[in-house]
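Q: Contents of query_23.cif (mmCIF, C-alpha atoms):
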```
data_protein
#
loop_
_atom_site.label_atom_id
_atom_site.label_comp_id
_atom_site.auth_asym_id
_atom_site.auth_seq_id
_atom_site.Cartn_x
_atom_site.Cartn_y
_atom_site.Cartn_z
CA GLY E 199 -3.08 38.25 -18.15
CA SER E 200 -2.90 34.95 -16.35
CA LYS E 201 -5.37 34.14 -13.60
CA GLY E 202 -2.60 32.36 -11.70
CA GLY E 203 -2.60 28.86 -10.32
CA ARG E 204 -1.07 25.74 -11.71
CA PRO E 205 -1.14 25.19 -15.44
CA PRO E 206 -3.78 22.67 -16.58
CA PHE E 207 -2.88 19.10 -17.45
CA ASP E 208 -2.65 18.17 -21.12
CA PRO E 209 -6.05 16.95 -22.40
CA VAL E 210 -4.39 14.01 -24.22
CA LEU E 211 -2.79 12.93 -20.92
CA MET E 212 -6.16 13.19 -19.18
CA PHE E 213 -7.87 11.12 -21.90
CA LYS E 214 -5.15 8.47 -21.60
CA ILE E 215 -5.87 8.36 -17.87
CA LEU E 216 -9.56 7.76 -18.64
CA VAL E 217 -8.53 4.93 -20.99
CA ILE E 218 -6.48 3.29 -18.21
CA GLN E 219 -9.34 3.79 -15.79
CA THR E 220 -11.94 2.32 -18.14
CA LEU E 221 -9.90 -0.68 -19.24
CA ASN E 222 -9.06 -1.64 -15.64
CA ASN E 223 -12.35 -0.70 -13.92
CA LEU E 224 -10.63 1.66 -11.48
CA SER E 225 -11.99 4.34 -9.19
CA ASP E 226 -10.54 7.83 -9.38
CA ALA E 227 -8.54 7.41 -6.18
CA ARG E 228 -7.23 4.00 -7.22
CA THR E 229 -6.27 5.40 -10.64
CA GLU E 230 -4.23 8.17 -9.02
CA TYR E 231 -2.51 5.66 -6.74
CA LEU E 232 -1.69 3.20 -9.54
CA ILE E 233 -0.29 5.90 -11.83
CA ASN E 234 2.12 6.83 -9.05
CA ASP E 235 2.84 3.17 -8.28
CA ARG E 236 3.23 1.46 -11.68
CA LEU E 237 5.97 2.25 -14.13
CA SER E 238 3.90 0.73 -16.95
CA PHE E 239 1.13 3.28 -16.36
CA MET E 240 3.67 6.12 -16.20
CA ARG E 241 5.27 4.92 -19.44
CA PHE E 242 1.87 4.76 -21.18
CA LEU E 243 1.15 8.31 -20.01
CA SER E 244 4.66 9.52 -20.98
CA LEU E 245 5.29 10.67 -17.42
CA GLY E 246 8.62 10.71 -15.63
CA LEU E 247 9.16 9.81 -12.01
CA SER E 248 9.26 13.47 -11.00
CA ASP E 249 6.28 14.63 -13.11
CA ARG E 250 3.05 15.77 -11.53
CA VAL E 251 0.19 13.26 -11.59
CA PRO E 252 -3.43 14.45 -11.64
CA ASP E 253 -5.21 13.76 -8.39
CA ALA E 254 -8.53 11.92 -8.09
CA LYS E 255 -10.57 15.15 -8.08
CA THR E 256 -8.91 16.39 -11.28
CA ILE E 257 -9.65 13.09 -13.01
CA ARG E 258 -13.28 13.19 -11.86
CA LEU E 259 -13.75 16.81 -12.97
CA PHE E 260 -12.23 16.10 -16.40
CA ARG E 261 -14.56 13.11 -16.91
CA GLU E 262 -17.57 15.15 -15.76
CA ARG E 263 -16.75 18.00 -18.15
CA LEU E 264 -16.49 15.57 -21.06
CA THR E 265 -19.77 13.94 -20.04
CA GLN E 266 -21.57 17.29 -19.74
CA ALA E 267 -20.29 18.30 -23.17
CA GLY E 268 -21.53 14.98 -24.60
CA ALA E 269 -18.04 14.22 -25.90
CA ILE E 270 -16.99 11.22 -23.85
CA GLU E 271 -19.03 8.67 -25.83
CA ARG E 272 -17.77 10.05 -29.15
CA LEU E 273 -14.16 10.03 -27.94
CA PHE E 274 -14.31 6.43 -26.78
CA ASP E 275 -16.18 5.34 -29.92
CA ARG E 276 -13.47 6.90 -32.04
CA PHE E 277 -10.73 5.41 -29.85
CA ASN E 278 -12.28 1.92 -30.08
CA ALA E 279 -12.70 2.28 -33.85
CA THR E 280 -9.02 3.24 -34.18
CA LEU E 281 -8.02 0.17 -32.18
CA ARG E 282 -10.25 -2.09 -34.28
CA ASP E 283 -8.80 -0.64 -37.50
CA ALA E 284 -5.33 -1.52 -36.17
CA SER E 285 -6.55 -5.10 -35.49
CA TYR E 286 -6.65 -4.68 -31.71
CA LEU E 287 -9.60 -5.90 -29.70
CA PRO E 288 -10.32 -3.49 -26.85
CA MET E 289 -11.29 -5.39 -23.72
CA SER E 290 -11.64 -4.32 -20.15
CA GLY E 291 -10.07 -6.11 -17.25
CA GLN E 292 -9.42 -5.82 -13.58
CA ILE E 293 -6.33 -5.49 -11.49
CA LEU E 294 -6.46 -7.83 -8.52
CA ASP E 295 -4.27 -7.79 -5.47
CA ALA E 296 -4.17 -11.19 -3.79
CA THR E 297 -2.76 -11.25 -0.32
CA LEU E 298 -2.11 -14.49 1.54
CA VAL E 299 -2.48 -14.27 5.28
CA ALA E 300 -0.80 -16.82 7.48
CA ALA E 301 -3.29 -18.79 9.52
CA PRO E 302 -2.60 -21.13 12.41
CA LYS E 303 -2.41 -24.80 11.51
CA GLN E 304 -5.52 -26.75 12.26
CA ARG E 305 -4.71 -29.83 14.28
CA ASN E 306 -7.66 -31.95 13.22
CA THR E 307 -7.93 -35.66 13.79
CA ASN E 308 -8.42 -38.04 10.86
CA GLY E 309 -12.08 -38.43 11.80
CA GLU E 310 -12.60 -34.65 11.84
CA LYS E 311 -10.87 -34.35 8.47
CA ALA E 312 -13.16 -37.02 7.01
CA ASP E 313 -16.23 -35.21 8.34
CA LEU E 314 -15.02 -31.90 6.85
CA ARG E 315 -14.39 -33.50 3.46
CA ALA E 316 -17.92 -34.89 3.54
CA GLY E 317 -19.26 -31.40 4.31
CA ASP E 318 -20.32 -32.24 7.86
CA ILE E 319 -19.41 -30.61 11.15
CA PRO E 320 -17.48 -33.00 13.42
CA GLU E 321 -19.49 -34.26 16.42
CA ALA E 322 -17.05 -32.76 18.97
CA TRP E 323 -17.46 -29.25 17.51
CA ARG E 324 -21.27 -29.06 17.35
CA ASP E 325 -21.89 -28.01 20.95
CA LYS E 326 -18.76 -25.82 21.21
CA PRO E 327 -19.45 -22.53 19.35
CA ALA E 328 -16.07 -21.04 20.37
CA LYS E 329 -14.15 -23.95 18.83
CA LEU E 330 -16.38 -23.90 15.75
CA SER E 331 -15.70 -20.18 15.21
CA HIS E 332 -11.94 -20.81 15.17
CA LYS E 333 -12.06 -23.57 12.59
CA ASP E 334 -11.99 -22.83 8.87
CA ARG E 335 -14.21 -25.50 7.38
CA GLN E 336 -13.83 -24.52 3.70
CA ALA E 337 -10.12 -23.75 3.22
CA ARG E 338 -7.97 -26.82 2.90
CA TRP E 339 -5.19 -25.66 0.59
CA THR E 340 -3.68 -22.59 -1.12
CA LEU E 341 -1.80 -22.14 -4.35
#
```
Would you mind writing the structure in this file as structure tokens?
A:
Amino acid sequence: GSKGGRPPFDPVLMFKILVIQTLNNLSDARTEYLINDRLSFMRFLSLGLSDRVPDAKTIRLFRERLTQAGAIERLFDRFNATLRDASYLPMSGQILDATLVAAPKQRNTNGEKADLRAGDIPEAWRDKPAKLSHKDRQARWTL
């Protein structure tokens, strides 16, 4: 008879999650979030929008079980060898989220701008710590 509870996730799905996690240097919680957030991850995992996604604890427990069994290194070695045989070069990367925050315009005089470009603190700011704390002396442009 069944012990009850939810059915387990497919081991192939769980290994694919570990591949995503390894290639993108993600934590368990971030992996769970990104699987729910990115259609590309869902497509790689063959998941639909309404399918269940393993939570961070499930991912961690699966990785720990593979590690305890001594199978995780062999699995990834075999996976990397398969990629190399297909002429793919497995590389890891990172997903970065850049957020630009609006900052107030600095109304600096030409003399202050020249001092900042030279790497100096303008004379008028040296004895005013409050003013100095509100000035960004490194950022001069964004892209």
Q: What does the distance from CA of Arg258 (chain E) to CA of Thr220 (chain E) come to in Å, to one decimal?
A: 12.6 Å
Q: Would you write out, as JSON, numbers by chain, every residue that the PyMOL selection byres ((chain E and resi 206) around 12) captures in this file?
A: {"E": [201, 202, 203, 204, 205, 207, 208, 209, 210, 211, 212, 250, 251, 252, 256, 257, 260]}
Q: Interatomic distance between CA of Leu281 (chain E) and CA of Thr265 (chain E)?
A: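 Between these atoms lies a distance of 21.8 Å.
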Q: Could you work out how far CA of Phe274 (chain E) lies from CA of Glu262 (chain E), giving the answer in Å with one decimal?
A: 14.4 Å
Q: Using only C-alpha atoms, which protein or nucleic acid residues come within 12 Å of Glu321 (chain E)? Drop anything in the same chain fewer than 5 positions from it, and give the result as a list in words.
A: Thr307, Gly309, Glu310, Lys311, Ala312, Asp313, Leu314, Lys326, Lys329 and Leu330 of chain E
Q: Could you tell me which residues the PyMOL selection byres ((chain E and resi 217) around 12) returns for this structure, as a PyMOL selection string?
A: chain E and resi 210-216+218-224+229+239+242-243+257+261+270+273-275+277-278+288-291
Q: Have a look at E:Asp325, E:Arg282, E:Lys333, E:Arg241 and name the one nearest to Arg305 (chain E); count only C-alpha atoms.
A: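 Looking only at the distances to Arg305 (chain E), the closest residue turns out to be E:Lys333.
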Q: Which residue is closest to Ser225 (chain E)? Choose from E:Ala267, E:Ala254, E:Ala322, E:Ala284 and count all atoms listed in the file.
A: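 The answer is E:Ala254, which sits nearest to Ser225 (chain E).
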Q: Considering all atoms listed in the file, return as JSON, numbers by chain whatever protein or nucleic-acid residues lie within 6 Å of Glu230 (chain E), sequence-local ones (same chain, fewer than 3 positions apart) excluded.
A: {"E": [227, 233, 253, 254]}
Q: For region 262-273 of chain E, where the input has fewer atoms than it should, I would like all heavy atoms rebuilt and written as an mmCIF file, in the frame of the given file.
A:
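The result, written out as out_33.cif:
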```cif
data_model
loop_
_atom_site.group_PDB
_atom_site.id
_atom_site.type_symbol
_atom_site.label_atom_id
_atom_site.label_comp_id
_atom_site.auth_asym_id
_atom_site.auth_seq_id
_atom_site.Cartn_x
_atom_site.Cartn_y
_atom_site.Cartn_z
ATOM 1 N N GLU E 262 -16.264 14.493 -15.838
ATOM 2 C CA GLU E 262 -17.570 15.150 -15.760
ATOM 3 C C GLU E 262 -17.737 16.210 -16.838
ATOM 4 O O GLU E 262 -18.807 16.343 -17.423
ATOM 5 C CB GLU E 262 -17.774 15.763 -14.371
ATOM 6 C CG GLU E 262 -18.075 14.737 -13.298
ATOM 7 C CD GLU E 262 -18.222 15.365 -11.917
ATOM 8 O OE1 GLU E 262 -18.107 16.601 -11.787
ATOM 9 O OE2 GLU E 262 -18.444 14.601 -10.962
ATOM 10 N N ARG E 263 -16.675 16.980 -17.101
ATOM 11 C CA ARG E 263 -16.750 18.000 -18.150
ATOM 12 C C ARG E 263 -16.971 17.362 -19.525
ATOM 13 O O ARG E 263 -17.746 17.872 -20.331
ATOM 14 C CB ARG E 263 -15.487 18.851 -18.162
ATOM 15 C CG ARG E 263 -15.445 19.837 -17.029
ATOM 16 C CD ARG E 263 -14.315 20.833 -17.199
ATOM 17 N NE ARG E 263 -14.120 21.536 -15.953
ATOM 18 C CZ ARG E 263 -12.997 21.501 -15.237
ATOM 19 N NH1 ARG E 263 -11.963 20.818 -15.653
ATOM 20 N NH2 ARG E 263 -12.913 22.168 -14.112
ATOM 21 N N LEU E 264 -16.278 16.267 -19.787
ATOM 22 C CA LEU E 264 -16.490 15.570 -21.060
ATOM 23 C C LEU E 264 -17.906 15.017 -21.155
ATOM 24 O O LEU E 264 -18.536 15.062 -22.218
ATOM 25 C CB LEU E 264 -15.482 14.429 -21.217
ATOM 26 C CG LEU E 264 -14.056 14.791 -21.581
ATOM 27 C CD1 LEU E 264 -13.195 13.539 -21.667
ATOM 28 C CD2 LEU E 264 -13.995 15.559 -22.883
ATOM 29 N N THR E 265 -18.409 14.499 -20.053
ATOM 30 C CA THR E 265 -19.770 13.940 -20.040
ATOM 31 C C THR E 265 -20.797 15.044 -20.263
ATOM 32 O O THR E 265 -21.739 14.876 -21.049
ATOM 33 C CB THR E 265 -20.025 13.221 -18.708
ATOM 34 O OG1 THR E 265 -19.031 12.215 -18.529
ATOM 35 C CG2 THR E 265 -21.402 12.578 -18.675
ATOM 36 N N GLN E 266 -20.629 16.173 -19.583
ATOM 37 C CA GLN E 266 -21.570 17.290 -19.740
ATOM 38 C C GLN E 266 -21.562 17.837 -21.166
ATOM 39 O O GLN E 266 -22.591 18.254 -21.681
ATOM 40 C CB GLN E 266 -21.251 18.407 -18.746
ATOM 41 C CG GLN E 266 -21.590 18.062 -17.323
ATOM 42 C CD GLN E 266 -21.075 19.099 -16.337
ATOM 43 O OE1 GLN E 266 -20.369 20.028 -16.705
ATOM 44 N NE2 GLN E 266 -21.426 18.929 -15.068
ATOM 45 N N ALA E 267 -20.396 17.809 -21.796
ATOM 46 C CA ALA E 267 -20.290 18.300 -23.170
ATOM 47 C C ALA E 267 -20.778 17.260 -24.187
ATOM 48 O O ALA E 267 -20.879 17.554 -25.379
ATOM 49 C CB ALA E 267 -18.838 18.680 -23.478
ATOM 50 N N GLY E 268 -21.070 16.049 -23.711
ATOM 51 C CA GLY E 268 -21.530 14.980 -24.600
ATOM 52 C C GLY E 268 -20.418 14.447 -25.492
ATOM 53 O O GLY E 268 -20.684 13.868 -26.534
ATOM 54 N N ALA E 269 -19.170 14.614 -25.066
ATOM 55 C CA ALA E 269 -18.040 14.220 -25.900
ATOM 56 C C ALA E 269 -17.428 12.888 -25.513
ATOM 57 O O ALA E 269 -16.710 12.289 -26.316
ATOM 58 C CB ALA E 269 -16.966 15.307 -25.845
ATOM 59 N N ILE E 270 -17.700 12.414 -24.321
ATOM 60 C CA ILE E 270 -16.990 11.220 -23.850
ATOM 61 C C ILE E 270 -17.353 9.978 -24.666
ATOM 62 O O ILE E 270 -16.476 9.178 -25.002
ATOM 63 C CB ILE E 270 -17.213 10.997 -22.330
ATOM 64 C CG1 ILE E 270 -16.152 10.048 -21.795
ATOM 65 C CG2 ILE E 270 -18.601 10.505 -22.021
ATOM 66 C CD1 ILE E 270 -15.971 10.131 -20.305
ATOM 67 N N GLU E 271 -18.633 9.830 -25.026
ATOM 68 C CA GLU E 271 -19.030 8.670 -25.830
ATOM 69 C C GLU E 271 -18.390 8.720 -27.212
ATOM 70 O O GLU E 271 -17.892 7.708 -27.726
ATOM 71 C CB GLU E 271 -20.561 8.601 -25.971
ATOM 72 C CG GLU E 271 -21.292 8.305 -24.684
ATOM 73 C CD GLU E 271 -21.585 9.577 -23.894
ATOM 74 O OE1 GLU E 271 -21.405 10.690 -24.454
ATOM 75 O OE2 GLU E 271 -21.966 9.469 -22.720
ATOM 76 N N ARG E 272 -18.380 9.918 -27.820
ATOM 77 C CA ARG E 272 -17.770 10.050 -29.150
ATOM 78 C C ARG E 272 -16.278 9.783 -29.110
ATOM 79 O O ARG E 272 -15.724 9.137 -29.997
ATOM 80 C CB ARG E 272 -18.038 11.446 -29.702
ATOM 81 C CG ARG E 272 -19.482 11.668 -30.105
ATOM 82 C CD ARG E 272 -19.621 12.988 -30.814
ATOM 83 N NE ARG E 272 -18.873 14.040 -30.121
ATOM 84 C CZ ARG E 272 -19.368 15.210 -29.758
ATOM 85 N NH1 ARG E 272 -20.601 15.501 -30.026
ATOM 86 N NH2 ARG E 272 -18.633 16.092 -29.145
ATOM 87 N N LEU E 273 -15.601 10.269 -28.066
ATOM 88 C CA LEU E 273 -14.160 10.030 -27.940
ATOM 89 C C LEU E 273 -13.846 8.549 -27.823
ATOM 90 O O LEU E 273 -12.948 8.037 -28.502
ATOM 91 C CB LEU E 273 -13.601 10.784 -26.735
ATOM 92 C CG LEU E 273 -13.322 12.266 -26.931
ATOM 93 C CD1 LEU E 273 -12.996 12.921 -25.600
ATOM 94 C CD2 LEU E 273 -12.189 12.473 -27.909
#
```
